[in-house]
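Structure below is run20.tsv: TSV, C-alpha atoms and all ligand atoms.
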chain	number	residue	atom	x	y	z
C	1	MET	CA	5.10	26.39	28.70
C	2	VAL	CA	5.61	25.84	25.01
C	3	GLU	CA	3.69	23.69	22.56
C	4	ILE	CA	5.05	21.77	19.59
C	5	LEU	CA	3.14	21.42	16.34
C	6	ASP	CA	4.55	18.83	13.99
C	7	THR	CA	3.82	19.35	10.31
C	8	THR	CA	5.87	16.51	8.80
C	9	LEU	CA	2.70	15.19	7.16
C	10	ARG	CA	1.82	18.54	5.51
C	11	GLU	CA	4.93	20.75	5.18
C	12	GLY	CA	7.20	17.68	5.17
C	13	GLU	CA	5.35	16.12	2.27
C	14	GLN	CA	5.97	19.36	0.34
C	15	ALA	CA	9.71	18.54	0.30
C	16	PRO	CA	10.88	17.78	-3.23
C	17	GLY	CA	10.58	14.07	-4.00
C	18	VAL	CA	8.60	13.17	-0.87
C	19	THR	CA	5.32	11.24	-0.99
C	20	PHE	CA	4.11	9.32	2.03
C	21	SER	CA	1.61	6.48	1.72
C	22	ILE	CA	-1.43	6.51	4.00
C	23	GLU	CA	0.09	3.68	6.07
C	24	GLU	CA	3.36	5.59	6.41
C	25	LYS	CA	1.48	8.70	7.52
C	26	LEU	CA	-0.40	6.74	10.16
C	27	SER	CA	2.82	5.20	11.42
C	28	ILE	CA	4.50	8.66	11.64
C	29	ALA	CA	1.43	10.10	13.40
C	30	ASN	CA	1.46	7.21	15.92
C	31	LEU	CA	5.09	7.94	16.74
C	32	LEU	CA	4.52	11.69	17.03
C	33	ASP	CA	1.56	11.24	19.35
C	34	ASP	CA	3.49	8.79	21.49
C	35	PHE	CA	6.47	11.19	21.55
C	36	GLY	CA	4.16	13.89	22.90
C	37	VAL	CA	3.70	16.66	20.32
C	38	ASP	CA	0.68	18.87	21.05
C	39	ILE	CA	-0.71	19.28	17.53
C	40	ILE	CA	-0.27	17.14	14.42
C	41	GLU	CA	-0.79	19.08	11.19
C	42	ALA	CA	-2.00	16.14	9.17
C	43	GLY	CA	-2.40	17.60	5.68
C	44	HIS	CA	-4.41	19.83	3.38
C	45	PRO	CA	-7.51	17.65	2.77
C	46	ILE	CA	-8.69	19.23	-0.48
C	47	VAL	CA	-5.35	18.52	-2.20
C	48	SER	CA	-6.10	14.90	-3.12
C	49	ASP	CA	-8.15	11.89	-2.22
C	50	ASP	CA	-5.33	10.16	-0.37
C	51	VAL	CA	-4.51	13.28	1.68
C	52	PHE	CA	-8.20	13.52	2.59
C	53	LYS	CA	-8.26	9.84	3.64
C	54	SER	CA	-5.10	10.11	5.70
C	55	VAL	CA	-6.25	13.26	7.55
C	56	LYS	CA	-9.57	11.58	8.38
C	57	LEU	CA	-7.89	8.37	9.47
C	58	ILE	CA	-5.45	10.24	11.71
C	59	SER	CA	-8.24	12.39	13.20
C	60	ASN	CA	-10.10	9.28	14.24
C	61	GLN	CA	-7.28	7.58	16.15
C	62	GLY	CA	-8.21	9.13	19.51
C	63	TYR	CA	-4.74	10.64	19.94
C	64	LYS	CA	-3.76	12.86	22.84
C	65	ALA	CA	-2.57	15.38	20.23
C	66	ASP	CA	-5.02	17.69	18.48
C	67	ILE	CA	-5.26	17.29	14.69
C	68	LEU	CA	-5.05	20.26	12.36
C	69	ALA	CA	-5.97	20.49	8.68
C	70	HIS	CA	-4.31	23.07	6.44
C	71	CYS	CA	-6.76	25.22	4.44
C	72	ARG	CA	-6.85	28.16	2.07
C	73	ALA	CA	-9.27	30.98	2.87
C	74	LYS	CA	-12.02	29.13	1.02
C	75	LYS	CA	-15.22	27.56	2.32
C	76	GLU	CA	-14.71	24.39	0.30
C	77	ASP	CA	-11.37	23.81	2.04
C	78	ILE	CA	-13.12	24.18	5.41
C	79	ASP	CA	-15.86	21.75	4.30
C	80	TYR	CA	-13.23	19.13	3.51
C	81	ALA	CA	-11.61	19.71	6.89
C	82	ILE	CA	-14.99	19.34	8.63
C	83	SER	CA	-15.54	15.99	6.87
C	84	CYS	CA	-12.19	14.83	8.26
C	85	ASP	CA	-13.31	15.49	11.87
C	86	VAL	CA	-10.25	17.61	12.70
C	87	ASP	CA	-9.96	19.78	15.83
C	88	TRP	CA	-8.22	22.71	14.14
C	89	VAL	CA	-8.04	24.40	10.77
C	90	GLY	CA	-4.95	26.37	9.83
C	91	ILE	CA	-6.06	29.03	7.36
C	92	PHE	CA	-3.30	30.81	5.44
C	93	PHE	CA	-3.56	33.88	3.27
C	94	CYS	CA	-0.78	36.32	2.45
C	95	VAL	CA	-1.67	40.01	2.74
C	96	SER	CA	1.57	41.62	1.58
C	97	LYS	CA	1.12	44.40	-0.99
C	98	LYS	CA	3.28	42.56	-3.48
C	99	ARG	CA	1.34	39.31	-3.27
C	100	LEU	CA	-2.09	40.97	-3.28
C	101	ARG	CA	-1.16	42.96	-6.37
C	102	GLU	CA	0.95	40.50	-8.36
C	103	HIS	CA	-0.53	37.14	-7.41
C	104	PHE	CA	-4.08	37.49	-6.12
C	105	ASN	CA	-5.01	40.70	-7.93
C	106	LEU	CA	-7.09	41.62	-4.90
C	107	ASP	CA	-7.31	44.80	-2.84
C	108	PHE	CA	-6.50	44.60	0.86
C	109	GLN	CA	-10.09	45.13	2.13
C	110	LYS	CA	-11.38	42.32	-0.11
C	111	ALA	CA	-8.60	40.03	1.12
C	112	VAL	CA	-9.52	40.73	4.75
C	113	GLU	CA	-13.16	39.96	3.97
C	114	LYS	CA	-12.19	36.65	2.43
C	115	ILE	CA	-10.16	35.76	5.51
C	116	THR	CA	-12.79	36.79	8.05
C	117	ASN	CA	-15.67	35.14	6.14
C	118	THR	CA	-13.76	31.85	6.08
C	119	ILE	CA	-12.87	32.14	9.76
C	120	GLU	CA	-16.48	32.86	10.74
C	121	TYR	CA	-17.64	29.89	8.69
C	122	ALA	CA	-15.11	27.59	10.39
C	123	LYS	CA	-16.01	28.99	13.82
C	124	ASP	CA	-19.71	28.31	13.18
C	125	HIS	CA	-18.76	24.68	12.62
C	126	GLY	CA	-17.06	24.42	16.00
C	127	LEU	CA	-13.48	24.38	14.75
C	128	LYS	CA	-10.46	25.90	16.47
C	129	ILE	CA	-8.71	28.30	14.14
C	130	ARG	CA	-5.15	29.32	13.39
C	131	TYR	CA	-4.72	32.15	10.93
C	132	THR	CA	-1.37	32.54	9.18
C	133	PRO	CA	-0.66	35.73	7.28
C	134	GLU	CA	1.74	33.78	5.05
C	135	ASP	CA	5.12	35.44	4.44
C	136	SER	CA	4.42	37.35	7.67
C	137	THR	CA	8.00	38.55	8.09
C	138	ARG	CA	8.05	40.35	4.71
C	139	THR	CA	4.50	41.73	4.94
C	140	GLU	CA	3.97	45.46	5.62
C	141	TYR	CA	3.50	45.67	9.39
C	142	GLU	CA	0.23	47.70	9.25
C	143	TYR	CA	-1.28	45.12	6.88
C	144	LEU	CA	-0.16	42.27	9.07
C	145	ILE	CA	-1.66	43.81	12.21
C	146	HIS	CA	-4.86	44.88	10.51
C	147	ALA	CA	-5.49	41.44	8.95
C	148	SER	CA	-4.54	39.60	12.15
C	149	ASN	CA	-6.81	41.75	14.33
C	150	ALA	CA	-9.68	41.22	11.90
C	151	ALA	CA	-8.98	37.48	12.04
C	152	ILE	CA	-8.99	37.50	15.84
C	153	GLU	CA	-12.25	39.43	15.91
C	154	ALA	CA	-13.78	36.91	13.49
C	155	GLY	CA	-12.79	34.08	15.84
C	156	ALA	CA	-9.17	33.06	15.21
C	157	ASP	CA	-7.65	31.43	18.30
C	158	ARG	CA	-4.03	31.75	17.20
C	159	ILE	CA	-1.98	33.84	14.82
C	160	SER	CA	0.95	31.99	13.27
C	161	ILE	CA	3.94	33.99	12.15
C	162	ALA	CA	5.37	32.34	9.07
C	163	ASP	CA	8.92	33.20	8.04
C	164	THR	CA	8.04	31.64	4.71
C	165	VAL	CA	11.38	32.18	2.95
C	166	GLY	CA	13.64	32.16	6.03
C	167	ALA	CA	14.33	35.90	5.89
C	168	MET	CA	14.75	36.49	9.63
C	169	THR	CA	17.69	36.61	12.00
C	170	PRO	CA	17.26	35.72	15.68
C	171	ILE	CA	17.42	39.33	16.92
C	172	ASN	CA	14.97	40.52	14.27
C	173	MET	CA	12.60	37.69	15.13
C	174	TYR	CA	12.84	38.47	18.83
C	175	ASN	CA	11.98	42.15	18.28
C	176	PHE	CA	9.23	41.28	15.79
C	177	VAL	CA	7.44	38.87	18.15
C	178	LYS	CA	7.81	41.28	21.10
C	179	LYS	CA	6.09	43.97	19.04
C	180	LEU	CA	3.36	41.60	17.87
C	181	LYS	CA	2.72	40.51	21.44
C	182	ALA	CA	2.11	44.14	22.33
C	183	ASP	CA	-0.15	44.76	19.33
C	184	LEU	CA	-2.18	41.53	19.23
C	185	ASN	CA	-4.17	40.00	22.06
C	186	VAL	CA	-3.68	36.37	21.07
C	187	LYS	CA	-1.32	33.41	21.39
C	188	ILE	CA	1.45	33.55	18.79
C	189	ASN	CA	2.70	30.49	16.88
C	190	VAL	CA	5.86	30.50	14.81
C	191	HIS	CA	6.78	28.69	11.58
C	192	CYS	CA	10.36	29.21	10.40
C	193	HIS	CA	11.86	28.13	7.09
C	194	ASN	CA	15.49	27.13	6.98
C	195	ASP	CA	16.73	28.75	3.77
C	196	LEU	CA	19.76	30.21	5.58
C	197	GLY	CA	20.06	27.50	8.24
C	198	LEU	CA	18.56	29.85	10.86
C	199	ALA	CA	15.19	28.16	11.41
C	200	ALA	CA	15.93	26.69	14.85
C	201	ALA	CA	17.65	29.87	16.07
C	202	ASN	CA	14.77	32.04	14.81
C	203	SER	CA	12.17	29.74	16.39
C	204	LEU	CA	13.96	29.90	19.74
C	205	ALA	CA	14.23	33.69	19.49
C	206	ALA	CA	10.46	33.81	18.88
C	207	TYR	CA	9.95	31.59	21.93
C	208	GLU	CA	12.14	33.88	24.04
C	209	ALA	CA	10.00	36.83	22.92
C	210	GLY	CA	6.79	35.09	23.96
C	211	ALA	CA	5.64	32.79	21.12
C	212	THR	CA	3.94	29.81	22.74
C	213	LEU	CA	3.98	27.24	19.93
C	214	ILE	CA	6.73	26.20	17.51
C	215	ASP	CA	6.11	24.45	14.17
C	216	VAL	CA	8.56	21.66	13.35
C	217	THR	CA	9.00	18.66	11.08
C	218	VAL	CA	10.96	15.48	11.64
C	219	ASN	CA	14.47	15.94	10.20
C	220	GLY	CA	13.41	19.48	9.26
C	221	ILE	CA	11.99	18.37	5.90
C	222	GLY	CA	9.66	20.70	4.00
C	223	GLU	CA	9.26	22.93	0.95
C	224	ARG	CA	12.74	23.65	-0.56
C	225	VAL	CA	15.26	22.97	2.26
C	226	GLY	CA	12.58	22.72	4.92
C	227	ILE	CA	11.78	24.18	8.35
C	228	THR	CA	12.79	23.85	11.99
C	229	SER	CA	13.54	20.29	13.05
C	230	LEU	CA	11.71	18.49	15.85
C	231	SER	CA	14.84	17.13	17.49
C	232	GLU	CA	16.76	20.43	17.44
C	233	ILE	CA	13.90	22.30	19.08
C	234	CYS	CA	13.01	19.70	21.69
C	235	ILE	CA	16.61	19.12	22.72
C	236	ALA	CA	17.36	22.86	22.88
C	237	LEU	CA	14.22	23.49	24.93
C	238	ASN	CA	15.06	20.57	27.19
C	239	CYS	CA	18.81	21.10	27.65
C	240	ILE	CA	19.30	24.86	27.33
C	241	TYR	CA	15.97	26.31	28.42
C	242	GLN	CA	15.07	23.51	30.88
C	243	VAL	CA	11.48	23.67	29.67
C	244	LYS	CA	9.19	21.29	31.57
C	245	ASN	CA	7.89	18.67	29.16
C	246	ASN	CA	6.58	15.13	28.79
C	247	TRP	CA	8.41	14.39	25.53
C	248	LYS	CA	9.77	10.88	25.06
C	249	LEU	CA	13.13	12.18	23.86
C	250	GLU	CA	14.52	8.64	23.75
C	251	LYS	CA	12.22	8.03	20.76
C	252	LEU	CA	13.78	10.78	18.62
C	253	THR	CA	16.26	8.47	16.90
C	254	GLU	CA	13.58	5.99	15.89
C	255	ILE	CA	11.23	8.73	14.63
C	256	SER	CA	14.01	10.30	12.62
C	257	LYS	CA	15.08	7.04	11.01
C	258	LYS	CA	11.53	6.14	10.10
C	259	VAL	CA	10.86	9.49	8.45
C	260	SER	CA	14.21	9.28	6.65
C	261	THR	CA	13.20	5.87	5.25
C	262	TYR	CA	9.69	6.92	4.26
C	263	SER	CA	10.78	10.28	2.80
C	264	GLU	CA	13.81	8.73	1.08
C	265	ILE	CA	15.87	11.65	2.35
C	266	ASN	CA	19.10	10.48	3.95
C	267	ILE	CA	20.21	11.94	7.24
C	268	PRO	CA	23.61	13.64	6.64
C	269	PRO	CA	26.25	12.35	9.10
C	270	ASN	CA	26.81	15.86	10.45
C	271	MET	CA	23.12	16.64	11.07
C	272	PRO	CA	22.81	18.01	14.63
C	273	ILE	CA	21.56	15.49	17.22
C	274	ILE	CA	20.42	12.84	14.76
C	275	GLY	CA	23.42	12.49	12.41
C	276	GLU	CA	25.68	9.44	12.56
C	277	ASN	CA	28.56	11.62	13.89
C	278	ALA	CA	26.67	13.25	16.76
C	279	PHE	CA	28.23	10.97	19.39
C	280	LEU	CA	31.40	9.81	17.62
C	281	HIS	CA	34.52	11.12	19.38
C	282	LYS	CA	37.79	11.35	17.52
C	283	ALA	CA	40.76	13.40	18.82
C	284	GLY	CA	42.84	11.56	21.42
C	285	LEU	CA	42.29	14.25	24.02
C	286	HIS	CA	38.53	14.13	23.52
C	287	VAL	CA	38.36	10.36	23.84
C	288	SER	CA	40.44	10.22	26.99
C	289	ALA	CA	38.18	12.86	28.58
C	290	VAL	CA	34.93	11.23	27.41
C	291	VAL	CA	36.03	7.87	28.78
C	292	ASN	CA	36.10	9.51	32.21
C	293	ASP	CA	32.93	11.53	31.79
C	294	PRO	CA	31.01	11.96	28.50
C	295	ALA	CA	29.85	15.41	29.63
C	296	HIS	CA	33.33	16.78	28.82
C	297	TYR	CA	32.48	16.65	25.12
C	298	GLU	CA	28.74	15.97	24.96
C	299	LEU	CA	26.16	18.71	25.56
C	300	PHE	CA	23.70	15.98	26.47
C	301	PRO	CA	24.25	12.23	26.81
C	302	ALA	CA	23.68	10.01	23.76
C	303	GLU	CA	21.31	7.86	25.83
C	304	LEU	CA	18.88	10.79	26.20
C	305	ILE	CA	17.78	10.29	22.58
C	306	GLY	CA	18.22	6.52	22.41
C	307	ARG	CA	21.78	6.56	20.99
C	308	LYS	CA	25.18	5.15	21.95
C	309	ARG	CA	28.52	6.95	21.82
C	310	ASP	CA	31.50	5.51	20.00
C	311	PHE	CA	35.12	6.37	19.24
C	312	ILE	CA	36.89	6.87	15.93
C	313	LEU	CA	40.29	5.32	15.43
C	314	ASP	CA	42.58	7.22	13.06
C	315	LYS	CA	45.79	9.24	13.06
C	316	MET	CA	44.41	11.66	15.68
C	317	SER	CA	43.75	8.90	18.19
C	318	GLY	CA	45.57	8.08	21.37
C	319	ILE	CA	46.07	4.80	23.19
C	320	ASN	CA	42.76	5.23	25.03
C	321	THR	CA	40.79	4.97	21.81
C	322	VAL	CA	42.57	1.77	20.79
C	323	LYS	CA	41.85	0.29	24.20
C	324	LYS	CA	38.17	1.26	24.04
C	325	LYS	CA	37.82	-0.11	20.53
C	326	LEU	CA	39.37	-3.42	21.50
C	327	GLU	CA	37.28	-3.72	24.64
C	328	LYS	CA	34.22	-3.20	22.48
C	329	MET	CA	35.43	-5.95	20.13
C	330	LYS	CA	36.11	-8.17	23.16
C	331	LEU	CA	39.79	-8.57	22.17
C	332	ASP	CA	42.21	-9.24	24.92
C	333	LEU	CA	45.40	-7.34	24.11
C	334	ASN	CA	48.53	-6.21	25.86
C	335	ARG	CA	50.30	-2.86	25.65
C	336	VAL	CA	52.49	-3.97	22.71
C	337	ASP	CA	49.43	-4.86	20.64
C	338	LEU	CA	47.85	-1.51	21.43
C	339	GLU	CA	50.95	0.37	20.26
C	340	LYS	CA	51.06	-1.68	17.10
C	341	ILE	CA	47.47	-0.79	16.22
C	342	LEU	CA	47.98	2.84	17.15
C	343	ASN	CA	51.03	3.01	14.87
C	344	TYR	CA	49.01	1.59	12.04
C	345	ALA	CA	46.34	4.25	12.65
C	346	LYS	CA	48.97	7.04	12.73
C	347	GLN	CA	50.30	5.96	9.35
C	348	LYS	CA	46.98	5.51	7.61
C	349	ARG	CA	46.61	8.33	5.09
C	350	LYS	CA	42.87	8.49	4.65
C	351	GLY	CA	39.77	7.44	6.53
C	352	ILE	CA	39.21	5.74	9.82
C	353	VAL	CA	40.59	2.38	10.95
C	354	THR	CA	37.71	-0.06	10.76
C	355	GLU	CA	37.08	-2.98	13.09
C	356	ASN	CA	38.02	-5.36	10.26
C	357	GLU	CA	41.38	-3.67	9.83
C	358	ILE	CA	41.98	-3.95	13.56
C	359	LEU	CA	41.29	-7.67	13.40
C	360	ASN	CA	43.66	-8.06	10.43
C	361	ILE	CA	46.50	-6.19	12.15
C	362	PHE	CA	45.95	-8.22	15.24
C	363	THR	CA	45.97	-11.55	13.39
C	364	ASP	CA	49.01	-10.64	11.22
C	365	TYR	CA	50.89	-9.48	14.24
C	366	ARG	CA	50.11	-12.60	16.22
C	367	ASN	CA	51.16	-14.79	13.29
C	368	GLU	CA	54.43	-12.89	12.89
C	369	THR	CA	55.13	-13.17	16.58
C	370	ILE	CA	54.54	-16.91	16.48
C	371	MET	CA	56.67	-17.33	13.33
C	372	PHE	CA	59.65	-15.52	14.83
C	373	GLN	CA	59.50	-17.22	18.19
M	401	LIG	C1	2.68	26.83	2.43
M	401	LIG	C2	3.35	28.00	3.10
M	401	LIG	C3	3.51	27.87	4.58
M	401	LIG	C4	2.20	28.05	5.33
M	401	LIG	C5	2.31	28.07	6.81
M	401	LIG	C6	0.97	28.08	7.52
M	401	LIG	C7	4.54	28.96	4.97
M	401	LIG	O1	3.39	25.86	2.12
M	401	LIG	O2	1.50	26.85	2.22
M	401	LIG	O3	-0.07	27.88	6.90
M	401	LIG	O4	0.98	28.31	8.74
M	401	LIG	O5	5.68	28.62	5.22
M	401	LIG	O6	4.16	30.13	4.92
M	401	LIG	O7	4.07	26.61	4.92
M	402	CU	CU	6.06	26.56	5.46
Could you render the structure from this file as structure tokens?
Amino acid sequence: MVEILDTTLREGEQAPGVTFSIEEKLSIANLLDDFGVDIIEAGHPIVSDDVFKSVKLISNQGYKADILAHCRAKKEDIDYAISCDVDWVGIFFCVSKKRLREHFNLDFQKAVEKITNTIEYAKDHGLKIRYTPEDSTRTEYEYLIHASNAAIEAGADRISIADTVGAMTPINMYNFVKKLKADLNVKINVHCHNDLGLAAANSLAAYEAGATLIDVTVNGIGERVGITSLSEICIALNCIYQVKNNWKLEKLTEISKKVSTYSEINIPPNMPIIGENAFLHKAGLHVSAVVNDPAHYELFPAELIGRKRDFILDKMSGINTVKKKLEKMKLDLNRVDLEKILNYAKQKRKGIVTENEILNIFTDYRNETIMFQ
């Protein structure tokens, strides 16, 4: 069993240039709930009036998913969360020596008191609590364990391990979570930043070591270059780990496109799973194999996530690709026509042969043939 927490509406909105309207947030939350995520991290209510409104609105939709509000270790943050009717608060407070000294100017004992007082206050108000020792993976281990145990004793239901600057590797994450599991009697969540492109790998390593919830955002958007992406994690868990789930994977394409539109962050063509190129086959050998059985060159079928496969026609193509392309365009051609188009593709210096070009070659060729008859 593994749970998914989507934080597109909180972490995702921290991506440079991203601001979602309340209506856009509601539409994303509707899609996420329908898709089947377990928790929606809806925002940090004290940040602004519109964040407050959107968290409250989302909390009152009667979703299957639980709603979580992000909070600092401050009572006023918890009060705002309570007014939004959320199920969970996610309280974060970094306890690394460096941060305590250089940023908070607070000694460790005082920091722990602040954390536990806030947790007790939230618990008294019937909230479920996640405590995140922010920058967990660079925090001195004794501090991390001490603060987390104090948090658990004060009532925290989960400890979330945040790899806040993406400093981990999969093997380090695996060993780290194994050790935490032995030292903490609580469910472990994991939140991995993607500064080195390792977020999905690190999240899966944490899962293998016993973490039971993974934080994600749609398209991986978030502070700086973002965090683990929803589609990468769900597809990996589904296809590689065969995790039992009720996710509507066929909705992933729609969710991704919507968030790309609202966030105004384009999906790069080579983005795993969601990118334009994910099911475009090019080399002649690949196409002839895929025509027989897509599994030869697709880890999972395009249809699983609501996509269609297609074939690229260029100098690397073989006759099979031309045939497929023309079938798709409903053009009735003979072998000579196919060769003609393939030759054109072989000679083209740059780029793919578009459907328009195919039509032109076809028409020119037919005209020539008629003229010389
Ligand atoms: C932040 C940092 C955070 C917090 C994660 C959490 C991180 O933007 O406040 O509260 O669980 O990566 O450490 O996103
Ligand atoms: Cu983060």
Test item: residues no farther than 8 Å from ligand LIG 401 (chain M), counting all atoms listed in the file, as a list in words =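 The neighbouring residues of ligand LIG 401 (chain M) are, in order, Glu11, Gln14, His70, Cys71, Gly90, Ile91, Phe92, Phe93, Arg130, Tyr131, Thr132, Pro133, Glu134, Asp135, Ser136, Ser160, Ile161, Ala162, Asp163, Thr164, Val165, His191, Cys192, His193 and Glu223 of chain C.
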request  = Quick one: everything within 10 Å of Asp66 (chain C), counting only C-alpha atoms, minus sequence neighbours fewer than 4 positions away in the same chain. Send it as a VMD selection string.
outcome  = chain C and resid 5 33 37 to 42 59 62 86 to 88
Mind checking which residues fall within 12 Å of region 294-304 of chain C, counting only C-alpha atoms, ignoring those fewer than 3 positions away in the same chain, and posting them as a PDB file with C-alpha atoms, in the coordinates of the input?
ATOM      1  CA  SER C 231      14.840  17.130  17.490  1.00  0.00           C
ATOM      2  CA  CYS C 234      13.010  19.700  21.690  1.00  0.00           C
ATOM      3  CA  ILE C 235      16.610  19.120  22.720  1.00  0.00           C
ATOM      4  CA  ALA C 236      17.360  22.860  22.880  1.00  0.00           C
ATOM      5  CA  ASN C 238      15.060  20.570  27.190  1.00  0.00           C
ATOM      6  CA  CYS C 239      18.810  21.100  27.650  1.00  0.00           C
ATOM      7  CA  ILE C 240      19.300  24.860  27.330  1.00  0.00           C
ATOM      8  CA  TRP C 247       8.410  14.390  25.530  1.00  0.00           C
ATOM      9  CA  LYS C 248       9.770  10.880  25.060  1.00  0.00           C
ATOM     10  CA  LEU C 249      13.130  12.180  23.860  1.00  0.00           C
ATOM     11  CA  GLU C 250      14.520   8.640  23.750  1.00  0.00           C
ATOM     12  CA  LYS C 251      12.220   8.030  20.760  1.00  0.00           C
ATOM     13  CA  LEU C 252      13.780  10.780  18.620  1.00  0.00           C
ATOM     14  CA  THR C 253      16.260   8.470  16.900  1.00  0.00           C
ATOM     15  CA  PRO C 272      22.810  18.010  14.630  1.00  0.00           C
ATOM     16  CA  ILE C 273      21.560  15.490  17.220  1.00  0.00           C
ATOM     17  CA  ILE C 274      20.420  12.840  14.760  1.00  0.00           C
ATOM     18  CA  GLY C 275      23.420  12.490  12.410  1.00  0.00           C
ATOM     19  CA  GLU C 276      25.680   9.440  12.560  1.00  0.00           C
ATOM     20  CA  ASN C 277      28.560  11.620  13.890  1.00  0.00           C
ATOM     21  CA  ALA C 278      26.670  13.250  16.760  1.00  0.00           C
ATOM     22  CA  PHE C 279      28.230  10.970  19.390  1.00  0.00           C
ATOM     23  CA  LEU C 280      31.400   9.810  17.620  1.00  0.00           C
ATOM     24  CA  HIS C 281      34.520  11.120  19.380  1.00  0.00           C
ATOM     25  CA  LYS C 282      37.790  11.350  17.520  1.00  0.00           C
ATOM     26  CA  ALA C 283      40.760  13.400  18.820  1.00  0.00           C
ATOM     27  CA  LEU C 285      42.290  14.250  24.020  1.00  0.00           C
ATOM     28  CA  HIS C 286      38.530  14.130  23.520  1.00  0.00           C
ATOM     29  CA  VAL C 287      38.360  10.360  23.840  1.00  0.00           C
ATOM     30  CA  SER C 288      40.440  10.220  26.990  1.00  0.00           C
ATOM     31  CA  ALA C 289      38.180  12.860  28.580  1.00  0.00           C
ATOM     32  CA  VAL C 290      34.930  11.230  27.410  1.00  0.00           C
ATOM     33  CA  VAL C 291      36.030   7.870  28.780  1.00  0.00           C
ATOM     34  CA  ARG C 307      21.780   6.560  20.990  1.00  0.00           C
ATOM     35  CA  LYS C 308      25.180   5.150  21.950  1.00  0.00           C
ATOM     36  CA  ARG C 309      28.520   6.950  21.820  1.00  0.00           C
ATOM     37  CA  ASP C 310      31.500   5.510  20.000  1.00  0.00           C
ATOM     38  CA  PHE C 311      35.120   6.370  19.240  1.00  0.00           C
TER      39      PHE C 311
END
task = Compile the contact shell of Lys97 (chain C) as a list in words: residues with an atom at most 10 Å away, counting only C-alpha atoms, same-chain residues fewer than 2 positions apart removed.
result = Cys94, Val95, Arg99, Leu100, Arg101, Glu102, His103, Asn105, Leu106, Asp107, Phe108, Arg138, Thr139, Glu140 and Tyr143 of chain C
Go ahead and dump the residues you just picked, C-alpha atoms, as a PDB file, in the coordinates of the input.
ATOM      1  CA  CYS C  94      -0.780  36.320   2.450  1.00  0.00           C
ATOM      2  CA  VAL C  95      -1.670  40.010   2.740  1.00  0.00           C
ATOM      3  CA  ARG C  99       1.340  39.310  -3.270  1.00  0.00           C
ATOM      4  CA  LEU C 100      -2.090  40.970  -3.280  1.00  0.00           C
ATOM      5  CA  ARG C 101      -1.160  42.960  -6.370  1.00  0.00           C
ATOM      6  CA  GLU C 102       0.950  40.500  -8.360  1.00  0.00           C
ATOM      7  CA  HIS C 103      -0.530  37.140  -7.410  1.00  0.00           C
ATOM      8  CA  ASN C 105      -5.010  40.700  -7.930  1.00  0.00           C
ATOM      9  CA  LEU C 106      -7.090  41.620  -4.900  1.00  0.00           C
ATOM     10  CA  ASP C 107      -7.310  44.800  -2.840  1.00  0.00           C
ATOM     11  CA  PHE C 108      -6.500  44.600   0.860  1.00  0.00           C
ATOM     12  CA  ARG C 138       8.050  40.350   4.710  1.00  0.00           C
ATOM     13  CA  THR C 139       4.500  41.730   4.940  1.00  0.00           C
ATOM     14  CA  GLU C 140       3.970  45.460   5.620  1.00  0.00           C
ATOM     15  CA  TYR C 143      -1.280  45.120   6.880  1.00  0.00           C
TER      16      TYR C 143
END
note = What separates CA of Ile4 (chain C) and CA of Val112 (chain C) is a distance of 28.1 Å
inquiry  = Can you pull out the residues contacting Lys123 (chain C)? Cut-off 9 Å, using only C-alpha atoms, and skip same-chain residues under 6 positions away; I want them as a list in words.
reply    =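 Returned residues: Ile129, Ala154, Gly155 and Ala156 of chain C.
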Nearby residues (only C-alpha atoms) at most 10 Å from region 172-186 of chain C, same-chain spacing under 4 positions excluded, as number ranges by chain = C: 137, 141, 144-146, 148-149, 152, 156-159, 161, 163, 167-168, 190, 192, 201-211
request  = Check the smallest atom-to-atom distance from each of C:Ile358, C:Ile352, C:Leu57, C:Leu9 to ligand CU 402 (chain M) using all atoms listed in the file, then report the winner.
outcome  =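 Using all atoms listed in the file, ligand CU 402 (chain M) sits closest to C:Leu9.
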Pick from C:Ala73, C:Ile67, C:Ile188, C:Val216, whichever lies nearest to ligand CU 402 (chain M) using only C-alpha atoms and all ligand atoms =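 Looking only at the distances to ligand CU 402 (chain M), the closest residue turns out to be C:Val216.
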ask   = CA of Leu26 (chain C) to CA of Ile58 (chain C): how many Å, to one decimal?
value = 6.3 Å
Residues proximal to (-10.6, 32.8, -0.5) were defined as those with any atom within 10 Å of that point in the file's coordinates, counting only C-alpha atoms. Which are they, as a CSV table (one decimal) with C-alpha atoms, in the frame of the given file?
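Just written: out-v4.csv:
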chain,number,residue,atom,x,y,z
C,71,CYS,CA,-6.8,25.2,4.4
C,72,ARG,CA,-6.8,28.2,2.1
C,73,ALA,CA,-9.3,31.0,2.9
C,74,LYS,CA,-12.0,29.1,1.0
C,75,LYS,CA,-15.2,27.6,2.3
C,76,GLU,CA,-14.7,24.4,0.3
C,77,ASP,CA,-11.4,23.8,2.0
C,91,ILE,CA,-6.1,29.0,7.4
C,92,PHE,CA,-3.3,30.8,5.4
C,93,PHE,CA,-3.6,33.9,3.3
C,104,PHE,CA,-4.1,37.5,-6.1
C,110,LYS,CA,-11.4,42.3,-0.1
C,111,ALA,CA,-8.6,40.0,1.1
C,112,VAL,CA,-9.5,40.7,4.8
C,113,GLU,CA,-13.2,40.0,4.0
C,114,LYS,CA,-12.2,36.6,2.4
C,115,ILE,CA,-10.2,35.8,5.5
C,116,THR,CA,-12.8,36.8,8.0
C,117,ASN,CA,-15.7,35.1,6.1
C,118,THR,CA,-13.8,31.8,6.1
ask   = What gap, in Å, lies between CA of Ala199 (chain C) and CA of Thr228 (chain C)?
value =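 Atom-to-atom, CA of Ala199 (chain C) to CA of Thr228 (chain C), that is 5.0 Å.
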